[in-house]
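Report on one structure; see the data block that follows.
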Amino acid sequence: MEVLPIKTPVLTEGDDLAGLLAKEVREGDIIVVSSKAVATVEGAAMNLSEYTPSPQAIELSQGHGPLKSPAFYEAVLQETARMNGSVIHANYGVALTELHPDGMEGCFLVPNAGLDMSNIAEGCVIGWPRNPVASVKTLQKELGEIGIILSDSGLSPRRRGVTAFAICCAGIDPIVSMIDAPDLFGNNLHVTEEAVADQLATAGNAIMGNADQCIPAAIIRNHGYTRSDFCGFVPGIERGKDLYHGVI
């Protein structure tokens, strides 16, 4: 399997992201593309000057200085509400949000409702596309017979540093069941499912980076995965079924 970077100029609202990606892709490729890049060209950036902080936003901002202003937390709260979510914890300036976008099985557990102050103009924040599944469908229509994974960086419990996860995808099954497959000693697996979209999102993120690389997408080539008709949010699980629920 090859993981190849797609380098672009700094993206702005209205740029032809599909046109930039099309120069590099081949039929059968899977493209991991940054959710923030898609949101940027779609004009989904939020100007913090337009947000009036609520009491909850002011409380979340206490002790975090100018980089995490009350207006930032108000944007987080409004984005959380837009995706039918809630703030379930806050620590070191990060609000841990549980999001239930319309049409998704399960939920996302992400920092700050996916909002980020990096790689966007000063005074603004950028999150996910307003309709991630529609964005992926549009990219796939414009790019042809390839798979698309819309990714974002995230955190894992008790692990330091970011990896990545898949928000939604098209043309590839996000989860592959290994139940009843034999292990090395002929014992059948009982519960294992491979989080293929998340694994490929992290592989792509390893070369895309999160700083000034200007690599908003990565090609996964010679991957060996079967093309699928799937298009939608990567399914998750509800809080009560989560192994970590009530423990951390």
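By order in the structure tokens, chains are A, B, ...; within a chain, residues start at 1; ligands start at 1, following the order shown.
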
I'd like the contact shell of Ala181 of chain A - 10 Å cut-off, only C-alpha atoms, skipping same-chain residues fewer than 5 positions apart - returned as a list in words. Gly186, Asn187, Asn188, Leu189, His190 and Thr192 of chain A

As a ChimeraX atom specification, which residues of segment 104-231 of chain A does DSSP assign to strand (DSSP E or B)? /A:108-111,116,124-126,147-154,163-170,176-177,182,188,193-194,217-221,231

Selected residue, from A:Gly43, A:Pro182, A:Gly123, A:Gly204, that lies nearest to Ile148 of chain A when counting only C-alpha atoms: A:Gly204

Please provide as a ChimeraX atom specification all residues within 10 Å of Leu96 of chain A, with the sequence filter that same-chain residues fewer than 4 positions apart are discarded (counting only C-alpha atoms). /A:86-91,109-114

Show me, as a list in words, the residues that have an atom within 12 Å of Pro9 of chain A when counting only C-alpha atoms, minus same-chain residues fewer than 3 positions from it.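 Using only C-alpha atoms, the neighbours found are Ile6, Thr12, Asp15, Asp16, Leu17, Leu20, Leu21, Ala37, Asp212, Gln213, Cys214, Ile215 and Pro216 of chain A.
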
Taking 5 positions as the minimum chain separation for residues in the same chain, which residues sit within 9 Å of segment 127-140 of chain A when counting only C-alpha atoms? Answer as a ChimeraX atom specification. /A:17-18,35-40,42-46,79,113-117,145-150,152,167-171,231-233

Could you write those residues out with C-alpha atoms, as a short mmCIF file (atom, residue, chain, number, x, y, z; two decimals), in the first residue's frame?
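Output file selection.cif is given in full below:
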```cif
data_model
loop_
_atom_site.label_atom_id
_atom_site.label_comp_id
_atom_site.auth_asym_id
_atom_site.auth_seq_id
_atom_site.Cartn_x
_atom_site.Cartn_y
_atom_site.Cartn_z
CA LEU A 17 -10.63 21.50 -4.24
CA ALA A 18 -11.87 18.67 -6.46
CA SER A 35 -12.54 18.04 6.90
CA LYS A 36 -11.10 21.50 7.62
CA ALA A 37 -9.95 21.84 4.00
CA VAL A 38 -13.41 20.97 2.70
CA ALA A 39 -15.07 23.28 5.21
CA THR A 40 -12.71 26.09 4.20
CA GLU A 42 -17.20 25.64 1.26
CA GLY A 43 -17.10 28.87 3.28
CA ALA A 44 -17.88 27.27 6.65
CA ALA A 45 -15.40 29.37 8.67
CA MET A 46 -16.90 31.15 11.68
CA GLU A 79 -21.88 23.85 16.88
CA ALA A 113 -17.22 20.04 18.55
CA GLY A 114 -14.49 19.69 15.91
CA LEU A 115 -13.68 23.43 15.92
CA ASP A 116 -10.10 24.58 15.48
CA MET A 117 -8.35 27.96 15.53
CA GLU A 145 -14.43 5.89 -9.35
CA ILE A 146 -12.50 6.43 -6.14
CA GLY A 147 -13.12 6.16 -2.42
CA ILE A 148 -13.35 9.27 -0.25
CA ILE A 149 -12.65 9.53 3.49
CA LEU A 150 -13.35 12.82 5.26
CA ASP A 152 -10.21 15.00 11.32
CA ILE A 167 -16.16 11.42 9.91
CA CYS A 168 -17.78 9.92 6.84
CA CYS A 169 -16.77 8.11 3.69
CA ALA A 170 -17.95 6.99 0.29
CA GLY A 171 -16.93 4.10 -1.94
CA CYS A 231 -21.81 6.59 1.54
CA GLY A 232 -22.52 8.11 4.92
CA PHE A 233 -21.28 8.79 8.42
#
```

Quick one: pick out all helix (DSSP H, G or I) residues within segment 5-98 of chain A from a backbone DSSP run and write them as an mmCIF file with N, CA and C atoms, in the first residue's frame.
```cif
data_model
loop_
_atom_site.group_PDB
_atom_site.id
_atom_site.type_symbol
_atom_site.label_atom_id
_atom_site.label_comp_id
_atom_site.auth_asym_id
_atom_site.auth_seq_id
_atom_site.Cartn_x
_atom_site.Cartn_y
_atom_site.Cartn_z
ATOM 1 N N LEU A 17 -11.393 22.573 -4.883
ATOM 2 C CA LEU A 17 -10.626 21.502 -4.242
ATOM 3 C C LEU A 17 -10.640 20.237 -5.091
ATOM 4 N N ALA A 18 -11.791 19.870 -5.630
ATOM 5 C CA ALA A 18 -11.866 18.668 -6.464
ATOM 6 C C ALA A 18 -10.926 18.768 -7.657
ATOM 7 N N GLY A 19 -10.844 19.957 -8.267
ATOM 8 C CA GLY A 19 -9.951 20.137 -9.398
ATOM 9 C C GLY A 19 -8.497 19.957 -9.021
ATOM 10 N N LEU A 20 -8.131 20.421 -7.833
ATOM 11 C CA LEU A 20 -6.752 20.246 -7.363
ATOM 12 C C LEU A 20 -6.450 18.780 -7.091
ATOM 13 N N LEU A 21 -7.406 18.063 -6.507
ATOM 14 C CA LEU A 21 -7.195 16.648 -6.197
ATOM 15 C C LEU A 21 -7.176 15.803 -7.475
ATOM 16 N N ALA A 22 -8.000 16.164 -8.443
ATOM 17 C CA ALA A 22 -8.150 15.365 -9.661
ATOM 18 C C ALA A 22 -6.846 15.235 -10.439
ATOM 19 N N SER A 35 -11.229 17.402 6.746
ATOM 20 C CA SER A 35 -12.538 18.035 6.904
ATOM 21 C C SER A 35 -12.409 19.554 6.944
ATOM 22 N N LYS A 36 -11.290 20.054 7.527
ATOM 23 C CA LYS A 36 -11.099 21.497 7.622
ATOM 24 C C LYS A 36 -10.845 22.105 6.235
ATOM 25 N N ALA A 37 -10.171 21.354 5.362
ATOM 26 C CA ALA A 37 -9.949 21.837 4.001
ATOM 27 C C ALA A 37 -11.266 21.950 3.248
ATOM 28 N N VAL A 38 -12.109 20.934 3.367
ATOM 29 C CA VAL A 38 -13.405 20.965 2.696
ATOM 30 C C VAL A 38 -14.265 22.095 3.260
ATOM 31 N N ALA A 39 -14.284 22.216 4.588
ATOM 32 C CA ALA A 39 -15.074 23.282 5.208
ATOM 33 C C ALA A 39 -14.587 24.657 4.768
ATOM 34 N N THR A 40 -13.275 24.806 4.608
ATOM 35 C CA THR A 40 -12.714 26.093 4.201
ATOM 36 C C THR A 40 -13.197 26.503 2.820
ATOM 37 N N VAL A 41 -13.081 25.603 1.851
ATOM 38 C CA VAL A 41 -13.474 25.973 0.481
ATOM 39 C C VAL A 41 -14.987 26.141 0.374
ATOM 40 N N LEU A 48 -15.472 34.849 14.976
ATOM 41 C CA LEU A 48 -15.802 34.892 16.401
ATOM 42 C C LEU A 48 -16.411 36.222 16.821
ATOM 43 N N SER A 49 -16.202 37.279 16.047
ATOM 44 C CA SER A 49 -16.788 38.572 16.392
ATOM 45 C C SER A 49 -18.313 38.540 16.301
ATOM 46 N N GLU A 50 -18.853 37.520 15.653
ATOM 47 C CA GLU A 50 -20.302 37.412 15.482
ATOM 48 C C GLU A 50 -20.978 36.640 16.604
ATOM 49 N N PRO A 55 -23.554 32.603 29.398
ATOM 50 C CA PRO A 55 -22.936 32.293 30.694
ATOM 51 C C PRO A 55 -22.145 30.985 30.681
ATOM 52 N N GLN A 56 -22.652 29.963 29.982
ATOM 53 C CA GLN A 56 -21.922 28.687 29.925
ATOM 54 C C GLN A 56 -20.603 28.850 29.192
ATOM 55 N N ALA A 57 -20.586 29.640 28.112
ATOM 56 C CA ALA A 57 -19.345 29.874 27.368
ATOM 57 C C ALA A 57 -18.340 30.634 28.222
ATOM 58 N N ILE A 58 -18.815 31.609 28.967
ATOM 59 C CA ILE A 58 -17.923 32.369 29.852
ATOM 60 C C ILE A 58 -17.340 31.461 30.919
ATOM 61 N N GLU A 59 -18.152 30.570 31.462
ATOM 62 C CA GLU A 59 -17.662 29.633 32.472
ATOM 63 C C GLU A 59 -16.602 28.697 31.901
ATOM 64 N N LEU A 60 -16.822 28.193 30.678
ATOM 65 C CA LEU A 60 -15.847 27.301 30.053
ATOM 66 C C LEU A 60 -14.519 28.007 29.790
ATOM 67 N N SER A 61 -14.574 29.313 29.555
ATOM 68 C CA SER A 61 -13.369 30.055 29.181
ATOM 69 C C SER A 61 -12.508 30.447 30.374
ATOM 70 N N PRO A 66 -6.509 34.584 26.269
ATOM 71 C CA PRO A 66 -7.110 35.117 25.046
ATOM 72 C C PRO A 66 -7.226 34.110 23.910
ATOM 73 N N LEU A 67 -6.397 33.059 23.919
ATOM 74 C CA LEU A 67 -6.478 32.088 22.829
ATOM 75 C C LEU A 67 -7.767 31.272 22.886
ATOM 76 N N LYS A 68 -8.338 31.171 24.052
ATOM 77 C CA LYS A 68 -9.600 30.455 24.198
ATOM 78 C C LYS A 68 -10.613 31.423 24.812
ATOM 79 N N PRO A 70 -14.216 33.570 25.426
ATOM 80 C CA PRO A 70 -15.613 33.162 25.584
ATOM 81 C C PRO A 70 -16.328 32.996 24.247
ATOM 82 N N ALA A 71 -15.979 33.833 23.272
ATOM 83 C CA ALA A 71 -16.618 33.706 21.954
ATOM 84 C C ALA A 71 -16.290 32.366 21.305
ATOM 85 N N PHE A 72 -15.047 31.887 21.501
ATOM 86 C CA PHE A 72 -14.687 30.571 20.965
ATOM 87 C C PHE A 72 -15.588 29.493 21.560
ATOM 88 N N TYR A 73 -15.757 29.524 22.873
ATOM 89 C CA TYR A 73 -16.582 28.503 23.520
ATOM 90 C C TYR A 73 -18.048 28.644 23.137
ATOM 91 N N GLU A 74 -18.494 29.874 22.857
ATOM 92 C CA GLU A 74 -19.863 30.040 22.377
ATOM 93 C C GLU A 74 -20.027 29.368 21.016
ATOM 94 N N ALA A 75 -19.024 29.508 20.142
ATOM 95 C CA ALA A 75 -19.067 28.810 18.853
ATOM 96 C C ALA A 75 -19.104 27.302 19.059
ATOM 97 N N VAL A 76 -18.325 26.817 20.016
ATOM 98 C CA VAL A 76 -18.338 25.384 20.331
ATOM 99 C C VAL A 76 -19.727 24.946 20.783
ATOM 100 N N LEU A 77 -20.342 25.726 21.667
ATOM 101 C CA LEU A 77 -21.667 25.368 22.171
ATOM 102 C C LEU A 77 -22.709 25.365 21.064
ATOM 103 N N GLN A 78 -22.632 26.348 20.177
ATOM 104 C CA GLN A 78 -23.616 26.408 19.100
ATOM 105 C C GLN A 78 -23.412 25.284 18.086
ATOM 106 N N GLU A 79 -22.159 24.964 17.800
ATOM 107 C CA GLU A 79 -21.884 23.846 16.885
ATOM 108 C C GLU A 79 -22.298 22.524 17.516
ATOM 109 N N THR A 80 -22.087 22.397 18.809
ATOM 110 C CA THR A 80 -22.531 21.197 19.523
ATOM 111 C C THR A 80 -24.042 21.048 19.441
ATOM 112 N N ALA A 81 -24.761 22.139 19.684
ATOM 113 C CA ALA A 81 -26.220 22.085 19.617
ATOM 114 C C ALA A 81 -26.697 21.769 18.195
ATOM 115 N N ARG A 82 -26.010 22.327 17.193
ATOM 116 C CA ARG A 82 -26.399 22.073 15.796
ATOM 117 C C ARG A 82 -26.332 20.597 15.468
#
```
